[in-house]
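Everything on this sheet refers to the single structure shown next.
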Amino acid sequence: MSDAAPSVLPFLDRDHSILAFNERVLDWAQRPGVPLLERLRFLTIVSSNLDEWFEVRAADHLSAAQAGESKGPYTLRSYERLSAYAHKLVERQYSLYNDELTPAFSREGIAIVSHGDRNSAQRAWVREYFEEEVRPLLIPVGLDPAHPFPQVANKSLNFIVRLSGKDAFGRENEIAIVKVPRVLPRVIRMPAKVSGKRQLLVSLSSVIRAHLDLLFAGREVGQFSQFRLTRHSELAVGEEEVRNLRTALRLGLQQRHYGQAVRLEVAAGCSEFLSDVLLKQFGLPAAALYRVHGPVNLVRLQQVIDLVDAPKLLFRPYVPSWPRGLEPGRPIFDQLKKRDVLIHQPYESFDGVLAFLREAVHDPQVLAIKQTIYRTGNDLQMMELLREAVRVGKEVTAVVELMARFDEEANINWAEALEAVGAQVVYGVVGLKTHAKMLLITRREGKALVRYAHLSTGNYNPRTARIYTDLSHLTADPQLTSDVEQVFVHLASQSRLPRLHHVWIAPFQLQRKLIEQIDLVGMAAANRLDSRIVLKMNALTDEPLMEALVKAGRRGTRIDLIVRGACMLPAGVPGLSENIRVRSVIGRFLEHSRVFYFRAGQEEHLYLSSADLMNRNMLRRVELAWPVLDPQLRQRVIDECLQACLHDQRDAWDLQPDGSYKRVKGAEDPRAHGAQAALMQRYAALPGEEEVRTWT
């Protein structure tokens with residue numbers, strides 16, 4: 001076969017691929033064998049993912065459509081095509097919710113009761129709840145020249161009402177808006193005195209809807225509808241306009257809730273008159289209107305999972321084991337002197353990482369702790385450990401990525417809390433997100449300073465560490481820890497990086513090094529040597545890397561790509577990508593680990609990474625990839641992360657040449673091999689430890 005880089009292989013559309021990923025997630029909500037509350041959870045995950053897609057990806061397509069663009073990646077056609085796809089996906093969600101999940105919950109004695117289905121006692125309780133908890137927080141706004149349309153925040157619940165009659169001043173202003181505060185719970189459980197033996201709930205929108213007339217004394221409520229607006233929410237902060245990144249971000253966060261409108265959700269029964277008023281107000285085309293048969297925000301139904309008491313309708317709790325590579329009761333530093341340790345989360349507990357940091361904090365020989373903070377969340381365990389390290393006299397440096405999408409505010413709070421106790425806080429480089437996950441400990445041992453490092457494919461977030469699959473790598477390797485030290489120095493001082501021993505770093509060399517490895521394997525195949533590439537990641541959208549993979553495949557390399565989400569490389573196209581297979585594994589846990597395996601003849605290399613194979617990760621982020629040098633640990637990663645996914649017959653989907661995904665044969669067989677199920681069985685701990693459920 002020709003080894004020329006192909007120019008005729010059309011890549012798949014990225015945004016279409018993201019939406020297709022959500023179809024695979026929705027499949028979990030459709031499976032009868034999945035516990036009922038977990039099916040609801042997966043349904044809400046799809047809605048949460050769609051919210052983010054609209055917040056981040058839709059604006060360019062919408063703007064192009066409104067401008068009548070016909071050329072380029074964003075056009076009127078791209079908007080129409082993606083809108084049609086999204087509409088069908090939303091329709092499937094609500095059909096599933098109304099036709100399958102709601103009746104199934106009813107058979108279990110669980111129901112969200114509408115106003116029309118409430119008995120007199122239940123209506124009385126709801127009326128009392130409205131008067132005491134809801135009405136005091138509502139301020140209806142009648143629209144007139146002195147009362148313009150109020151600002152509607154991103155993803156907030158609102159009502160639009162059409163009134164008849166005249167207001168207190170004799171005017172016929174007929175449109176009013178009721179904004180619903182975010183502090184109010186969207187689902188409320190009714191007490192046993194009105195529920196009997198069933199578990200009955202009411203939605204906040206139903207509570208307000210039933211009592212709208214009480215908000216407009218002397219007026220008659222005619223048409224009305226709940227509505228929810230989604231706005232573009234990507235923050236952009238340019239280096240040329242920023243003197244203090246934290247201050248600029250705080251200002252940006254205040255504006256995020258009021259960005260460009262991109263989607264309008266209304267109740268299915270909303271009149272055309274009211275929907276037209278809203279579309280005109282927000283400057284949206286008809287395709288941006290989503291009429292839904294149910295609550296306009298399915299994400300908030302996650303509250304149902306917490307409100308009802310039905311353990312049998314949930315997954316059996318999973319308890320991870322203590323990391324097999326760490327011997328309990330022995331100092332971790334002593335163990336790392338002898339060997340590296342890998343922790344496969346969530347099958348093995350993230351507590352091993354916390355124990356490593358805790359030991360460093362309380363060890364008098366430890367002089368300095370350096371850590372990156374990306375999506376650490378609001379969990380206080382790591383925060384308190386770092387604060388304690390400062391208090392006991394250690395030098396603590398935190399590289400806080402303030403631009404972590406939708407975690408900006410939490411990370412600003414982290415930065416301020418650490419600065420308050422005297423930690424050195426830096427923000428990386430403006431314009432380059434620091435996405436690398438590193439923790440470096442410097443310890444005095446005799447006359448020498450010895451380094452210990454933790455590198456991870458995932459975030460320092462104890463909550464997501466229970467529901468995302470990731471790999472944590474603990475090491476005392478002098479060259480690897482020296483590389484990590486140099487990266488920290490670079491991030492703090494922005495000085496030029498020296499030549500590193502093992503680590504590949506973006507944006508300087510990661511893309512180039514990956515292409516070099518792919519080309520080496522391709523050349524081995526061309527010379528009839530054993531060749532193999534297996535890459536596991538969350539997304540594949542970087543064109544130079546995809547072109548390199550296609551070139552290596554055309555030279556004869558067998559390539560397996562395990563891509564959970566968006567993948568723009570079509571697999572199995574005769575003459576172009578027939579040696580490439582793309583597989584997506586959607587399991588109970590969110591597949592999140594990034595693993596890159598290359599074999600060229602007798603040479604075998606395996607790298608772990610913080611990076612997906614996306615252009616932004618290669619060129620606009622600080623990312624790391626590092627090798628697993630220990631042969632036994634390398635084989636373990638191959639077995640548990642690569643081979644397990646390639647042989648999965650339960651939760652895997654194979655990408656077809658036309659861009660569609662097909663679930664593997666045998667997936668409906670409960671005896672079929674599932675990678676995650678097998679690893680859960682292998683690593684399950686003894687009863688009594690912390691429980692794990694599923695991903696959100």
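So you can find residues: chains in the structure tokens are A, B, ... in the order shown, residues in each start at 1, and ligands are numbered from 1 in order.
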Residues within 10 Å of range 612-617 of chain A, only C-alpha atoms, excluding chain neighbours under 2 positions, as a PyMOL selection string = chain A and resi 432-435+457+506-507+510-511+514+535-546+563+566-567+592-595+609-610+619-624
Going by DSSP on the backbone, which bits of range 480-598 of chain A are strand (DSSP E or B)? Write them as a VMD selection string, please.
-> chain A and resid 504 to 506 531 to 537 540 558 to 563 567 580 to 585 590 to 591 594 to 598
The selected residues should be written to file as a short mmCIF file (atom, residue, chain, number, x, y, z; two decimals), in the first residue's frame (atoms: N, CA, C and O atoms).
```cif
data_model
loop_
_atom_site.label_atom_id
_atom_site.label_comp_id
_atom_site.auth_asym_id
_atom_site.auth_seq_id
_atom_site.Cartn_x
_atom_site.Cartn_y
_atom_site.Cartn_z
N TRP A 504 7.44 13.84 27.94
CA TRP A 504 7.08 14.65 26.78
C TRP A 504 6.10 15.72 27.27
O TRP A 504 5.16 15.41 28.00
N ILE A 505 6.30 16.95 26.84
CA ILE A 505 5.47 18.03 27.34
C ILE A 505 4.86 18.82 26.19
O ILE A 505 5.52 19.11 25.20
N ALA A 506 3.59 19.12 26.31
CA ALA A 506 2.93 20.05 25.39
C ALA A 506 2.95 21.43 26.05
O ALA A 506 2.93 21.53 27.27
N SER A 531 4.58 -4.85 14.25
CA SER A 531 4.22 -3.47 14.56
C SER A 531 2.82 -3.41 15.14
O SER A 531 1.93 -4.17 14.73
N ARG A 532 2.64 -2.49 16.07
CA ARG A 532 1.34 -2.40 16.75
C ARG A 532 1.21 -1.04 17.42
O ARG A 532 2.15 -0.53 18.02
N ILE A 533 0.04 -0.44 17.30
CA ILE A 533 -0.28 0.79 18.01
C ILE A 533 -1.64 0.61 18.68
O ILE A 533 -2.61 0.20 18.03
N VAL A 534 -1.70 0.89 19.98
CA VAL A 534 -2.97 0.91 20.69
C VAL A 534 -2.99 2.19 21.52
O VAL A 534 -2.11 2.40 22.36
N LEU A 535 -3.96 3.03 21.27
CA LEU A 535 -4.06 4.32 21.97
C LEU A 535 -5.42 4.41 22.64
O LEU A 535 -6.46 4.16 22.00
N LYS A 536 -5.41 4.78 23.90
CA LYS A 536 -6.67 4.94 24.66
C LYS A 536 -6.76 6.39 25.12
O LYS A 536 -5.83 6.93 25.69
N MET A 537 -7.93 6.99 24.86
CA MET A 537 -8.08 8.42 25.18
C MET A 537 -9.57 8.73 25.26
O MET A 537 -10.43 7.89 24.99
N LEU A 540 -10.34 12.09 20.00
CA LEU A 540 -9.32 12.12 18.93
C LEU A 540 -9.81 13.10 17.87
O LEU A 540 -10.71 12.78 17.09
N ARG A 558 -1.13 -2.53 12.42
CA ARG A 558 -2.45 -2.77 13.00
C ARG A 558 -2.65 -1.78 14.15
O ARG A 558 -1.86 -1.74 15.09
N ILE A 559 -3.73 -0.99 14.06
CA ILE A 559 -3.94 0.11 14.99
C ILE A 559 -5.32 -0.03 15.64
O ILE A 559 -6.32 -0.18 14.94
N ASP A 560 -5.32 0.00 16.96
CA ASP A 560 -6.57 0.03 17.72
C ASP A 560 -6.63 1.33 18.49
O ASP A 560 -5.70 1.67 19.23
N LEU A 561 -7.73 2.04 18.32
CA LEU A 561 -7.95 3.30 19.01
C LEU A 561 -9.16 3.14 19.93
O LEU A 561 -10.26 2.83 19.45
N ILE A 562 -8.95 3.31 21.21
CA ILE A 562 -10.03 3.21 22.19
C ILE A 562 -10.38 4.64 22.58
O ILE A 562 -9.67 5.28 23.36
N VAL A 563 -11.44 5.15 21.98
CA VAL A 563 -11.80 6.56 22.12
C VAL A 563 -13.20 6.65 22.70
O VAL A 563 -14.18 6.32 22.02
N CYS A 567 -14.53 11.21 18.06
CA CYS A 567 -13.46 10.68 17.21
C CYS A 567 -13.74 11.10 15.78
O CYS A 567 -14.79 10.77 15.22
N ILE A 580 -7.24 0.22 10.73
CA ILE A 580 -7.53 0.97 11.95
C ILE A 580 -8.91 0.58 12.46
O ILE A 580 -9.90 0.59 11.71
N ARG A 581 -8.97 0.24 13.74
CA ARG A 581 -10.23 -0.04 14.40
C ARG A 581 -10.42 0.98 15.52
O ARG A 581 -9.49 1.27 16.27
N VAL A 582 -11.62 1.55 15.60
CA VAL A 582 -11.94 2.51 16.66
C VAL A 582 -13.05 1.94 17.52
O VAL A 582 -14.09 1.50 17.00
N ARG A 583 -12.82 1.95 18.80
CA ARG A 583 -13.78 1.36 19.75
C ARG A 583 -14.05 2.36 20.86
O ARG A 583 -13.15 3.05 21.34
N SER A 584 -15.29 2.44 21.27
CA SER A 584 -15.70 3.29 22.39
C SER A 584 -16.28 2.39 23.47
O SER A 584 -17.15 1.56 23.20
N VAL A 585 -15.80 2.56 24.69
CA VAL A 585 -16.31 1.79 25.82
C VAL A 585 -17.05 2.74 26.75
O VAL A 585 -16.47 3.69 27.28
N LEU A 590 -16.80 6.18 34.20
CA LEU A 590 -16.40 6.98 33.05
C LEU A 590 -14.96 6.65 32.67
O LEU A 590 -14.04 6.88 33.45
N GLU A 591 -14.76 6.08 31.47
CA GLU A 591 -13.42 5.77 31.01
C GLU A 591 -12.64 7.06 30.78
O GLU A 591 -13.01 7.87 29.93
N ARG A 594 -5.65 7.83 29.89
CA ARG A 594 -5.01 7.99 28.58
C ARG A 594 -3.75 7.13 28.56
O ARG A 594 -2.85 7.32 29.38
N VAL A 595 -3.72 6.20 27.62
CA VAL A 595 -2.62 5.23 27.53
C VAL A 595 -2.19 5.12 26.07
O VAL A 595 -3.04 4.90 25.19
N PHE A 596 -0.88 5.24 25.80
CA PHE A 596 -0.37 5.20 24.43
C PHE A 596 0.67 4.08 24.33
O PHE A 596 1.72 4.13 24.98
N TYR A 597 0.38 3.07 23.51
CA TYR A 597 1.26 1.91 23.36
C TYR A 597 1.78 1.83 21.93
O TYR A 597 1.02 1.95 20.95
N PHE A 598 3.11 1.63 21.82
CA PHE A 598 3.76 1.52 20.50
C PHE A 598 4.70 0.31 20.51
O PHE A 598 5.49 0.14 21.45
#
```
Atom pair CA of Tyr460 in chain A / CA of Arg634 in chain A: separation (Å) | 22.8 Å
Hey, which of A:Gly422, A:Ala286, A:Asp13, A:Arg57 ends up closest to Pro73 in chain A? Count only C-alpha atoms.
-> A:Asp13
So how many Å separate CA of Lys179 in chain A and CA of Phe159 in chain A, to one decimal?
-> 6.5 Å
Taking the backbone alone, and naming residues the way the document does, which bits of range 95-151 of chain A are alpha helix (DSSP H) by DSSP, as JSON, numbers by chain?
-> {"A": [95, 96, 102, 103, 104, 105, 106, 107, 120, 121, 122, 123, 124, 125, 126, 127, 128, 129]}
Can you write out the residues you just picked, keeping N, CA, C and O atoms, as a JSON list (two decimals), in the first residue's frame?
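The resulting file, result.json, is reproduced below:
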```
[["chain", "number", "residue", "atom", "x", "y", "z"],
["A", 95, "SER", "N", -39.15, 10.75, 25.41],
["A", 95, "SER", "CA", -39.95, 9.56, 25.14],
["A", 95, "SER", "C", -39.60, 8.45, 26.12],
["A", 95, "SER", "O", -40.48, 7.78, 26.68],
["A", 96, "LEU", "N", -38.31, 8.25, 26.35],
["A", 96, "LEU", "CA", -37.87, 7.25, 27.31],
["A", 96, "LEU", "C", -38.37, 7.59, 28.71],
["A", 96, "LEU", "O", -38.86, 6.73, 29.45],
["A", 102, "THR", "N", -41.06, 6.60, 33.77],
["A", 102, "THR", "CA", -42.13, 7.04, 34.67],
["A", 102, "THR", "C", -43.08, 5.89, 35.03],
["A", 102, "THR", "O", -43.38, 5.69, 36.22],
["A", 103, "PRO", "N", -43.57, 5.09, 34.07],
["A", 103, "PRO", "CA", -44.41, 3.94, 34.46],
["A", 103, "PRO", "C", -43.67, 2.93, 35.32],
["A", 103, "PRO", "O", -44.26, 2.35, 36.25],
["A", 104, "ALA", "N", -42.39, 2.71, 35.04],
["A", 104, "ALA", "CA", -41.62, 1.76, 35.85],
["A", 104, "ALA", "C", -41.47, 2.26, 37.29],
["A", 104, "ALA", "O", -41.58, 1.48, 38.24],
["A", 105, "PHE", "N", -41.24, 3.56, 37.46],
["A", 105, "PHE", "CA", -41.18, 4.11, 38.82],
["A", 105, "PHE", "C", -42.52, 3.98, 39.52],
["A", 105, "PHE", "O", -42.59, 3.67, 40.72],
["A", 106, "SER", "N", -43.60, 4.20, 38.79],
["A", 106, "SER", "CA", -44.93, 4.09, 39.38],
["A", 106, "SER", "C", -45.18, 2.68, 39.91],
["A", 106, "SER", "O", -45.77, 2.49, 40.99],
["A", 107, "ARG", "N", -44.70, 1.68, 39.17],
["A", 107, "ARG", "CA", -44.87, 0.29, 39.64],
["A", 107, "ARG", "C", -44.07, 0.03, 40.91],
["A", 107, "ARG", "O", -44.37, -0.90, 41.67],
["A", 120, "SER", "N", -57.00, 15.93, 47.27],
["A", 120, "SER", "CA", -57.22, 17.18, 47.99],
["A", 120, "SER", "C", -56.18, 17.42, 49.08],
["A", 120, "SER", "O", -55.72, 18.55, 49.27],
["A", 121, "ALA", "N", -55.80, 16.36, 49.78],
["A", 121, "ALA", "CA", -54.80, 16.51, 50.85],
["A", 121, "ALA", "C", -53.44, 16.89, 50.27],
["A", 121, "ALA", "O", -52.72, 17.73, 50.84],
["A", 122, "GLN", "N", -53.11, 16.29, 49.17],
["A", 122, "GLN", "CA", -51.83, 16.60, 48.54],
["A", 122, "GLN", "C", -51.82, 18.02, 47.99],
["A", 122, "GLN", "O", -50.83, 18.75, 48.11],
["A", 123, "ARG", "N", -52.94, 18.46, 47.44],
["A", 123, "ARG", "CA", -53.02, 19.83, 46.93],
["A", 123, "ARG", "C", -52.90, 20.84, 48.07],
["A", 123, "ARG", "O", -52.26, 21.88, 47.91],
["A", 124, "ALA", "N", -53.50, 20.49, 49.17],
["A", 124, "ALA", "CA", -53.41, 21.40, 50.32],
["A", 124, "ALA", "C", -51.96, 21.50, 50.80],
["A", 124, "ALA", "O", -51.49, 22.59, 51.15],
["A", 125, "TRP", "N", -51.26, 20.37, 50.83],
["A", 125, "TRP", "CA", -49.86, 20.41, 51.28],
["A", 125, "TRP", "C", -49.00, 21.21, 50.30],
["A", 125, "TRP", "O", -48.16, 22.02, 50.72],
["A", 126, "VAL", "N", -49.23, 21.01, 49.01],
["A", 126, "VAL", "CA", -48.46, 21.74, 48.01],
["A", 126, "VAL", "C", -48.75, 23.24, 48.12],
["A", 126, "VAL", "O", -47.84, 24.07, 48.01],
["A", 127, "ARG", "N", -50.02, 23.59, 48.35],
["A", 127, "ARG", "CA", -50.38, 25.00, 48.52],
["A", 127, "ARG", "C", -49.64, 25.60, 49.71],
["A", 127, "ARG", "O", -49.09, 26.71, 49.64],
["A", 128, "GLU", "N", -49.59, 24.87, 50.80],
["A", 128, "GLU", "CA", -48.89, 25.36, 51.98],
["A", 128, "GLU", "C", -47.39, 25.52, 51.70],
["A", 128, "GLU", "O", -46.76, 26.51, 52.12],
["A", 129, "TYR", "N", -46.83, 24.55, 50.99],
["A", 129, "TYR", "CA", -45.41, 24.63, 50.65],
["A", 129, "TYR", "C", -45.14, 25.85, 49.78],
["A", 129, "TYR", "O", -44.16, 26.58, 49.99]]
```
